[in-house]
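Novice: Provided below: final-v7.pdb, containing PDB, C-alpha atoms, pLDDT in the B column.
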ATOM      1  CA  MET A   1     155.133 171.207 135.724  1.00 79.00           C
ATOM      2  CA  SER A   2     153.834 170.249 139.134  1.00 83.00           C
ATOM      3  CA  ILE A   3     151.735 172.511 141.311  1.00 89.00           C
ATOM      4  CA  SER A   4     149.896 172.041 144.580  1.00 91.00           C
ATOM      5  CA  HIS A   5     146.154 171.484 144.616  1.00 91.00           C
ATOM      6  CA  PHE A   6     145.618 174.902 146.193  1.00 93.00           C
ATOM      7  CA  SER A   7     147.696 176.620 143.488  1.00 94.00           C
ATOM      8  CA  ALA A   8     145.562 174.859 140.882  1.00 94.00           C
ATOM      9  CA  VAL A   9     142.439 176.225 142.598  1.00 95.00           C
ATOM     10  CA  LEU A  10     143.860 179.756 142.605  1.00 97.00           C
ATOM     11  CA  LEU A  11     144.863 179.611 138.931  1.00 97.00           C
ATOM     12  CA  PHE A  12     141.539 178.112 137.843  1.00 97.00           C
ATOM     13  CA  SER A  13     139.600 180.721 139.837  1.00 97.00           C
ATOM     14  CA  LEU A  14     141.680 183.600 138.490  1.00 98.00           C
ATOM     15  CA  PHE A  15     141.341 182.714 134.800  1.00 98.00           C
ATOM     16  CA  THR A  16     137.662 181.840 135.051  1.00 98.00           C
ATOM     17  CA  SER A  17     136.813 184.978 137.046  1.00 98.00           C
ATOM     18  CA  VAL A  18     138.496 187.226 134.460  1.00 98.00           C
ATOM     19  CA  VAL A  19     136.347 185.762 131.666  1.00 98.00           C
ATOM     20  CA  PHE A  20     133.148 185.787 133.740  1.00 98.00           C
ATOM     21  CA  GLY A  21     133.728 189.378 134.846  1.00 97.00           C
ATOM     22  CA  ILE A  22     134.260 190.655 131.301  1.00 97.00           C
ATOM     23  CA  THR A  23     131.457 188.698 129.663  1.00 97.00           C
ATOM     24  CA  GLN A  24     128.702 188.870 132.271  1.00 96.00           C
ATOM     25  CA  ARG A  25     128.731 192.616 133.030  1.00 96.00           C
ATOM     26  CA  SER A  26     128.646 195.724 130.827  1.00 93.00           C
ATOM     27  CA  GLN A  27     130.400 198.427 132.850  1.00 94.00           C
ATOM     28  CA  PRO A  28     134.128 198.161 133.676  1.00 95.00           C
ATOM     29  CA  ARG A  29     133.532 198.871 137.382  1.00 96.00           C
ATOM     30  CA  MET A  30     130.892 196.138 137.585  1.00 96.00           C
ATOM     31  CA  MET A  31     133.168 193.761 135.649  1.00 97.00           C
ATOM     32  CA  ILE A  32     135.873 194.131 138.302  1.00 97.00           C
ATOM     33  CA  ARG A  33     133.366 193.690 141.124  1.00 98.00           C
ATOM     34  CA  PHE A  34     131.760 190.616 139.571  1.00 98.00           C
ATOM     35  CA  GLY A  35     135.156 189.114 138.697  1.00 98.00           C
ATOM     36  CA  ALA A  36     136.348 189.583 142.278  1.00 98.00           C
ATOM     37  CA  PHE A  37     133.089 188.119 143.584  1.00 98.00           C
ATOM     38  CA  CYS A  38     133.471 185.036 141.343  1.00 98.00           C
ATOM     39  CA  PHE A  39     137.088 184.584 142.446  1.00 98.00           C
ATOM     40  CA  VAL A  40     136.185 184.700 146.135  1.00 98.00           C
ATOM     41  CA  MET A  41     133.228 182.345 145.614  1.00 98.00           C
ATOM     42  CA  PHE A  42     135.347 179.830 143.669  1.00 97.00           C
ATOM     43  CA  VAL A  43     138.097 179.756 146.297  1.00 97.00           C
ATOM     44  CA  THR A  44     135.881 179.757 149.397  1.00 97.00           C
ATOM     45  CA  GLY A  45     133.498 177.246 147.773  1.00 97.00           C
ATOM     46  CA  THR A  46     136.377 174.870 147.069  1.00 96.00           C
ATOM     47  CA  ILE A  47     137.770 175.195 150.599  1.00 96.00           C
ATOM     48  CA  ALA A  48     134.297 174.659 152.082  1.00 97.00           C
ATOM     49  CA  ALA A  49     133.735 171.579 149.893  1.00 96.00           C
ATOM     50  CA  SER A  50     137.167 170.234 150.908  1.00 94.00           C
ATOM     51  CA  TRP A  51     136.366 170.560 154.612  1.00 95.00           C
ATOM     52  CA  LEU A  52     132.954 168.967 154.023  1.00 97.00           C
ATOM     53  CA  MET A  53     134.611 165.951 152.365  1.00 96.00           C
ATOM     54  CA  TRP A  54     137.107 165.745 155.224  1.00 95.00           C
ATOM     55  CA  LEU A  55     134.250 165.749 157.760  1.00 96.00           C
ATOM     56  CA  ILE A  56     132.359 163.052 155.833  1.00 96.00           C
ATOM     57  CA  LYS A  57     135.475 160.886 155.763  1.00 94.00           C
ATOM     58  CA  HIS A  58     136.167 161.340 159.508  1.00 90.00           C
TER      59      HIS A  58
ATOM     60  CA  MET B   1     122.890 194.234 108.808  1.00 52.00           C
ATOM     61  CA  ALA B   2     120.816 196.556 110.987  1.00 56.00           C
ATOM     62  CA  THR B   3     119.166 195.279 114.161  1.00 56.00           C
ATOM     63  CA  LYS B   4     116.176 196.894 115.863  1.00 56.00           C
ATOM     64  CA  VAL B   5     116.700 197.309 119.593  1.00 54.00           C
ATOM     65  CA  ASP B   6     113.792 198.092 121.923  1.00 55.00           C
ATOM     66  CA  TYR B   7     114.339 199.895 125.231  1.00 52.00           C
ATOM     67  CA  PRO B   8     111.137 199.683 127.289  1.00 51.00           C
ATOM     68  CA  LEU B   9     111.138 202.489 129.866  1.00 53.00           C
ATOM     69  CA  ALA B  10     108.284 201.373 132.130  1.00 56.00           C
ATOM     70  CA  PRO B  11     105.453 198.790 132.162  1.00 56.00           C
ATOM     71  CA  GLY B  12     102.921 199.785 129.547  1.00 57.00           C
ATOM     72  CA  ASP B  13     105.320 202.136 127.830  1.00 57.00           C
ATOM     73  CA  LYS B  14     105.801 201.543 124.126  1.00 57.00           C
ATOM     74  CA  GLY B  15     109.515 202.084 124.475  1.00 58.00           C
ATOM     75  CA  LEU B  16     112.158 203.748 122.416  1.00 57.00           C
ATOM     76  CA  THR B  17     113.202 201.923 119.271  1.00 60.00           C
ATOM     77  CA  THR B  18     116.585 202.586 117.719  1.00 62.00           C
ATOM     78  CA  VAL B  19     118.259 200.974 114.746  1.00 65.00           C
ATOM     79  CA  PHE B  20     121.659 199.491 115.575  1.00 69.00           C
ATOM     80  CA  THR B  21     124.115 199.208 112.694  1.00 71.00           C
ATOM     81  CA  PRO B  22     127.121 197.026 113.526  1.00 70.00           C
ATOM     82  CA  ARG B  23     130.590 198.237 112.516  1.00 80.00           C
ATOM     83  CA  VAL B  24     131.902 194.683 112.173  1.00 87.00           C
ATOM     84  CA  SER B  25     129.928 191.632 111.052  1.00 93.00           C
ATOM     85  CA  PRO B  26     128.644 189.748 114.142  1.00 94.00           C
ATOM     86  CA  THR B  27     129.368 186.429 112.413  1.00 95.00           C
ATOM     87  CA  LEU B  28     132.942 187.494 111.753  1.00 96.00           C
ATOM     88  CA  THR B  29     133.454 188.487 115.402  1.00 96.00           C
ATOM     89  CA  LEU B  30     132.014 185.144 116.525  1.00 97.00           C
ATOM     90  CA  LEU B  31     134.304 183.171 114.227  1.00 97.00           C
ATOM     91  CA  ALA B  32     137.384 185.284 115.027  1.00 97.00           C
ATOM     92  CA  GLY B  33     136.672 185.033 118.762  1.00 97.00           C
ATOM     93  CA  TRP B  34     136.364 181.267 118.497  1.00 97.00           C
ATOM     94  CA  LEU B  35     139.533 180.789 116.431  1.00 97.00           C
ATOM     95  CA  ILE B  36     141.712 183.191 118.447  1.00 97.00           C
ATOM     96  CA  PRO B  37     140.713 183.924 122.064  1.00 97.00           C
ATOM     97  CA  GLY B  38     139.795 187.590 122.503  1.00 97.00           C
ATOM     98  CA  ALA B  39     139.997 188.355 118.763  1.00 97.00           C
ATOM     99  CA  GLY B  40     136.278 189.167 118.578  1.00 96.00           C
ATOM    100  CA  HIS B  41     136.693 191.914 121.179  1.00 97.00           C
ATOM    101  CA  LEU B  42     139.876 193.162 119.512  1.00 97.00           C
ATOM    102  CA  LEU B  43     137.991 193.486 116.194  1.00 96.00           C
ATOM    103  CA  LEU B  44     135.420 195.641 117.977  1.00 96.00           C
ATOM    104  CA  GLY B  45     138.161 197.897 119.365  1.00 95.00           C
ATOM    105  CA  LYS B  46     137.797 196.611 122.945  1.00 96.00           C
ATOM    106  CA  TRP B  47     141.547 196.250 123.411  1.00 96.00           C
ATOM    107  CA  ILE B  48     141.785 195.773 127.167  1.00 96.00           C
ATOM    108  CA  ARG B  49     138.975 193.211 127.272  1.00 97.00           C
ATOM    109  CA  GLY B  50     140.378 191.367 124.253  1.00 97.00           C
ATOM    110  CA  LEU B  51     143.877 191.165 125.699  1.00 98.00           C
ATOM    111  CA  LEU B  52     142.606 190.101 129.125  1.00 98.00           C
ATOM    112  CA  LEU B  53     140.488 187.358 127.539  1.00 98.00           C
ATOM    113  CA  LEU B  54     143.454 186.256 125.427  1.00 98.00           C
ATOM    114  CA  ALA B  55     145.709 186.099 128.492  1.00 98.00           C
ATOM    115  CA  ALA B  56     143.134 184.271 130.624  1.00 98.00           C
ATOM    116  CA  ILE B  57     142.148 181.642 128.031  1.00 98.00           C
ATOM    117  CA  VAL B  58     145.652 181.015 126.666  1.00 98.00           C
ATOM    118  CA  GLY B  59     146.915 180.932 130.268  1.00 97.00           C
ATOM    119  CA  MET B  60     144.280 178.383 131.253  1.00 97.00           C
ATOM    120  CA  PHE B  61     145.019 176.219 128.208  1.00 97.00           C
ATOM    121  CA  SER B  62     148.802 176.461 128.729  1.00 96.00           C
ATOM    122  CA  VAL B  63     148.584 175.469 132.389  1.00 96.00           C
ATOM    123  CA  GLY B  64     146.455 172.498 131.324  1.00 94.00           C
ATOM    124  CA  ILE B  65     149.093 171.414 128.817  1.00 94.00           C
ATOM    125  CA  ALA B  66     151.887 171.987 131.348  1.00 93.00           C
ATOM    126  CA  LEU B  67     150.056 169.793 133.869  1.00 90.00           C
ATOM    127  CA  GLN B  68     150.088 166.995 131.266  1.00 88.00           C
ATOM    128  CA  GLY B  69     146.355 167.150 130.674  1.00 91.00           C
ATOM    129  CA  LYS B  70     144.665 165.058 128.027  1.00 91.00           C
ATOM    130  CA  ILE B  71     143.675 166.426 124.610  1.00 93.00           C
ATOM    131  CA  TYR B  72     140.479 164.691 123.538  1.00 92.00           C
ATOM    132  CA  THR B  73     140.100 163.306 120.025  1.00 90.00           C
ATOM    133  CA  PRO B  74     136.862 162.702 118.065  1.00 89.00           C
ATOM    134  CA  ASN B  75     135.291 159.324 117.341  1.00 77.00           C
ATOM    135  CA  THR B  76     136.363 157.424 120.435  1.00 78.00           C
ATOM    136  CA  GLY B  77     132.808 156.178 120.962  1.00 82.00           C
ATOM    137  CA  GLU B  78     132.767 157.139 124.655  1.00 85.00           C
ATOM    138  CA  PRO B  79     130.072 159.735 125.550  1.00 86.00           C
ATOM    139  CA  LEU B  80     132.286 161.474 128.124  1.00 88.00           C
ATOM    140  CA  ASP B  81     135.136 161.652 125.605  1.00 89.00           C
ATOM    141  CA  MET B  82     132.756 163.247 123.091  1.00 91.00           C
ATOM    142  CA  LEU B  83     131.802 165.908 125.649  1.00 93.00           C
ATOM    143  CA  GLY B  84     135.470 166.485 126.410  1.00 93.00           C
ATOM    144  CA  PHE B  85     136.180 166.808 122.697  1.00 94.00           C
ATOM    145  CA  ALA B  86     133.370 169.376 122.315  1.00 94.00           C
ATOM    146  CA  GLY B  87     134.851 171.381 125.191  1.00 95.00           C
ATOM    147  CA  ASP B  88     138.391 171.164 123.795  1.00 96.00           C
ATOM    148  CA  LEU B  89     137.201 172.199 120.334  1.00 96.00           C
ATOM    149  CA  GLY B  90     135.907 175.449 121.839  1.00 96.00           C
ATOM    150  CA  ALA B  91     139.517 176.611 122.137  1.00 96.00           C
ATOM    151  CA  GLY B  92     139.659 176.953 118.318  1.00 95.00           C
ATOM    152  CA  MET B  93     143.190 177.371 116.998  1.00 96.00           C
ATOM    153  CA  LEU B  94     144.689 176.391 120.350  1.00 96.00           C
ATOM    154  CA  TYR B  95     143.099 172.963 120.026  1.00 96.00           C
ATOM    155  CA  LEU B  96     144.280 172.551 116.423  1.00 95.00           C
ATOM    156  CA  LEU B  97     147.768 173.661 117.462  1.00 96.00           C
ATOM    157  CA  ALA B  98     147.804 171.164 120.328  1.00 95.00           C
ATOM    158  CA  ARG B  99     146.712 168.338 118.015  1.00 93.00           C
ATOM    159  CA  LEU B 100     149.278 169.248 115.354  1.00 94.00           C
ATOM    160  CA  ALA B 101     152.105 169.618 117.866  1.00 93.00           C
ATOM    161  CA  GLY B 102     151.141 166.460 119.721  1.00 90.00           C
ATOM    162  CA  TRP B 103     150.754 168.236 123.063  1.00 90.00           C
ATOM    163  CA  GLY B 104     148.933 166.652 125.968  1.00 85.00           C
ATOM    164  CA  GLN B 105     149.045 163.148 127.340  1.00 75.00           C
ATOM    165  CA  ALA B 106     146.656 160.328 126.453  1.00 69.00           C
ATOM    166  CA  PRO B 107     146.673 158.402 129.764  1.00 70.00           C
ATOM    167  CA  VAL B 108     146.043 160.468 132.885  1.00 64.00           C
ATOM    168  CA  LEU B 109     148.259 158.999 135.596  1.00 70.00           C
ATOM    169  CA  ILE B 110     148.382 161.583 138.385  1.00 73.00           C
ATOM    170  CA  ALA B 111     145.794 163.851 140.041  1.00 69.00           C
ATOM    171  CA  VAL B 112     147.236 167.117 138.707  1.00 71.00           C
ATOM    172  CA  ALA B 113     147.171 165.693 135.170  1.00 76.00           C
ATOM    173  CA  ASP B 114     143.437 165.238 135.597  1.00 86.00           C
ATOM    174  CA  TYR B 115     143.303 168.877 136.696  1.00 90.00           C
ATOM    175  CA  GLY B 116     145.198 169.693 133.491  1.00 92.00           C
ATOM    176  CA  THR B 117     142.541 167.919 131.427  1.00 93.00           C
ATOM    177  CA  LYS B 118     139.850 170.005 133.114  1.00 94.00           C
ATOM    178  CA  PHE B 119     141.828 173.217 132.590  1.00 96.00           C
ATOM    179  CA  ILE B 120     141.991 172.479 128.836  1.00 96.00           C
ATOM    180  CA  VAL B 121     138.271 171.698 128.559  1.00 96.00           C
ATOM    181  CA  VAL B 122     137.263 174.757 130.597  1.00 97.00           C
ATOM    182  CA  ALA B 123     139.584 176.975 128.508  1.00 98.00           C
ATOM    183  CA  GLY B 124     137.587 175.855 125.453  1.00 98.00           C
ATOM    184  CA  LEU B 125     134.251 176.507 127.150  1.00 97.00           C
ATOM    185  CA  LEU B 126     135.367 179.950 128.363  1.00 98.00           C
ATOM    186  CA  ASN B 127     136.484 180.766 124.825  1.00 98.00           C
ATOM    187  CA  ILE B 128     132.981 179.983 123.564  1.00 98.00           C
ATOM    188  CA  VAL B 129     131.515 182.298 126.237  1.00 98.00           C
ATOM    189  CA  ALA B 130     133.949 185.050 125.163  1.00 98.00           C
ATOM    190  CA  ALA B 131     133.168 184.580 121.446  1.00 97.00           C
ATOM    191  CA  VAL B 132     129.405 184.734 122.101  1.00 97.00           C
ATOM    192  CA  ASP B 133     129.941 187.895 124.173  1.00 97.00           C
ATOM    193  CA  ALA B 134     131.791 189.486 121.219  1.00 97.00           C
ATOM    194  CA  HIS B 135     128.898 188.452 118.953  1.00 96.00           C
ATOM    195  CA  SER B 136     126.402 190.076 121.348  1.00 96.00           C
ATOM    196  CA  LEU B 137     128.447 193.281 121.383  1.00 96.00           C
ATOM    197  CA  ALA B 138     128.637 193.292 117.583  1.00 95.00           C
ATOM    198  CA  ASN B 139     124.900 192.847 117.011  1.00 93.00           C
ATOM    199  CA  GLY B 140     123.891 195.270 119.772  1.00 91.00           C
ATOM    200  CA  ARG B 141     122.336 192.745 122.143  1.00 90.00           C
ATOM    201  CA  LYS B 142     124.885 193.769 124.778  1.00 90.00           C
ATOM    202  CA  ALA B 143     125.111 197.537 125.223  1.00 85.00           C
ATOM    203  CA  SER B 144     128.841 197.917 125.909  1.00 82.00           C
TER     204      SER B 144
END
Starting from the file, give its structure as structure tokens.
Specialist:
Amino acid sequence: MSISHFSAVLLFSLFTSVVFGITQRSQPRMMIRFGAFCFVMFVTGTIAASWLMWLIKH
Amino acid sequence: MATKVDYPLAPGDKGLTTVFTPRVSPTLTLLAGWLIPGAGHLLLGKWIRGLLLLAAIVGMFSVGIALQGKIYTPNTGEPLDMLGFAGDLGAGMLYLLARLAGWGQAPVLIAVADYGTKFIVVAGLLNIVAAVDAHSLANGRKAS
């Protein structure tokens, strides 16, 4: 199996966010909200870190 | 085993004390959740959560294997390998299955294989988080 780096980020964020959402909140509605928040933070954080590394290199 | 749970209502208030009696042994849920991802929640009747945890953790582990990630072994003498082994071991039966079946690659040669190694370790760590959550639900530390 070979996937792109971005696909790996999306998969990692999805699986991790599901577990964080379920385990870190008590109410189903809050679980979904926290899971979505974690997913967005993982993806945007990775993209931001990637651009930061690109800027440091250039 | 009954656990006393205090619910303080306001500063200075003595609080309401109830006795929580678990339906399933917290230790059993912890062990089941560690061995099989999501099993602790399934034992407690939390079907949707259990199945979602199972899908997420098995999915994470499977992607790691498919990306040719490394399965750590004990007693290599390297501190980072020992940490990796501790993380892998968190996956419970998945780790034992991977060792028995000979899954995973020893040398990591490409970048995505290194991602695979991380996926496998994080799957183990997430499984520990899920098992501890099931334990907290069983002993009443987590409300629902």
Novice: For stretch 66-76 of chain B, list every protein, DNA or RNA residue within 7 Å, evaluated using all atoms listed in the file, and leave out those in the same chain fewer than 4 positions away; present the list as an MDAnalysis selection string.
Specialist: (chainID A and resid 1:2) or (chainID B and resid 62 81:82 84:85 88 104:106 108 112:117)
Novice: Export, as an mmCIF file, in the frame of the given file, the selected residues with C-alpha atoms.
Specialist:
data_model
loop_
_atom_site.group_PDB
_atom_site.id
_atom_site.type_symbol
_atom_site.label_atom_id
_atom_site.label_comp_id
_atom_site.auth_asym_id
_atom_site.auth_seq_id
_atom_site.Cartn_x
_atom_site.Cartn_y
_atom_site.Cartn_z
ATOM 1 C CA MET A 1 155.133 171.207 135.724
ATOM 2 C CA SER A 2 153.834 170.249 139.134
ATOM 3 C CA SER B 62 148.802 176.461 128.729
ATOM 4 C CA ASP B 81 135.136 161.652 125.605
ATOM 5 C CA MET B 82 132.756 163.247 123.091
ATOM 6 C CA GLY B 84 135.470 166.485 126.410
ATOM 7 C CA PHE B 85 136.180 166.808 122.697
ATOM 8 C CA ASP B 88 138.391 171.164 123.795
ATOM 9 C CA GLY B 104 148.933 166.652 125.968
ATOM 10 C CA GLN B 105 149.045 163.148 127.340
ATOM 11 C CA ALA B 106 146.656 160.328 126.453
ATOM 12 C CA VAL B 108 146.043 160.468 132.885
ATOM 13 C CA VAL B 112 147.236 167.117 138.707
ATOM 14 C CA ALA B 113 147.171 165.693 135.170
ATOM 15 C CA ASP B 114 143.437 165.238 135.597
ATOM 16 C CA TYR B 115 143.303 168.877 136.696
ATOM 17 C CA GLY B 116 145.198 169.693 133.491
ATOM 18 C CA THR B 117 142.541 167.919 131.427
#
Novice: How would you write, as a PyMOL selection string, the residues chosen by the PyMOL selection byres ((chain B) within 7 of (chain A)) on this structure?
Specialist: chain B and resi 49+53+56-57+60+66-67+126+130+133+143-144
Novice: What does the structure give for the distance between atom CA of B:Arg141 and atom CA of A:Phe39, in Å to one decimal?
Specialist: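 Atom-to-atom, atom CA of B:Arg141 and atom CA of A:Phe39 are spaced 26.4 Å apart.
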Novice: Using the chain letters and numbers from this file, what does the PyMOL selection byres ((chain B and resi 131) around 10) select? Give the answer as a PyMOL selection string.
Specialist: (chain A and resi 23) or (chain B and resi 27+29-41+53+90+125-130+132-137)
Novice: Using atom CA of A:Ile47 and atom CA of A:Leu10 as the two end points, give the distance in Å to one decimal.
Specialist: 11.0 Å
Novice: Could you check how far atom CA of A:Arg33 sits from atom CA of A:Trp51, in Å to one decimal?
Specialist: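 It comes out at 26.9 Å.
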Novice: Pick the closest to B:Gly124 from B:Pro79, B:Gly102, B:Gly140, B:Gly64: which is it, counting all atoms listed in the file?
Specialist: B:Gly64
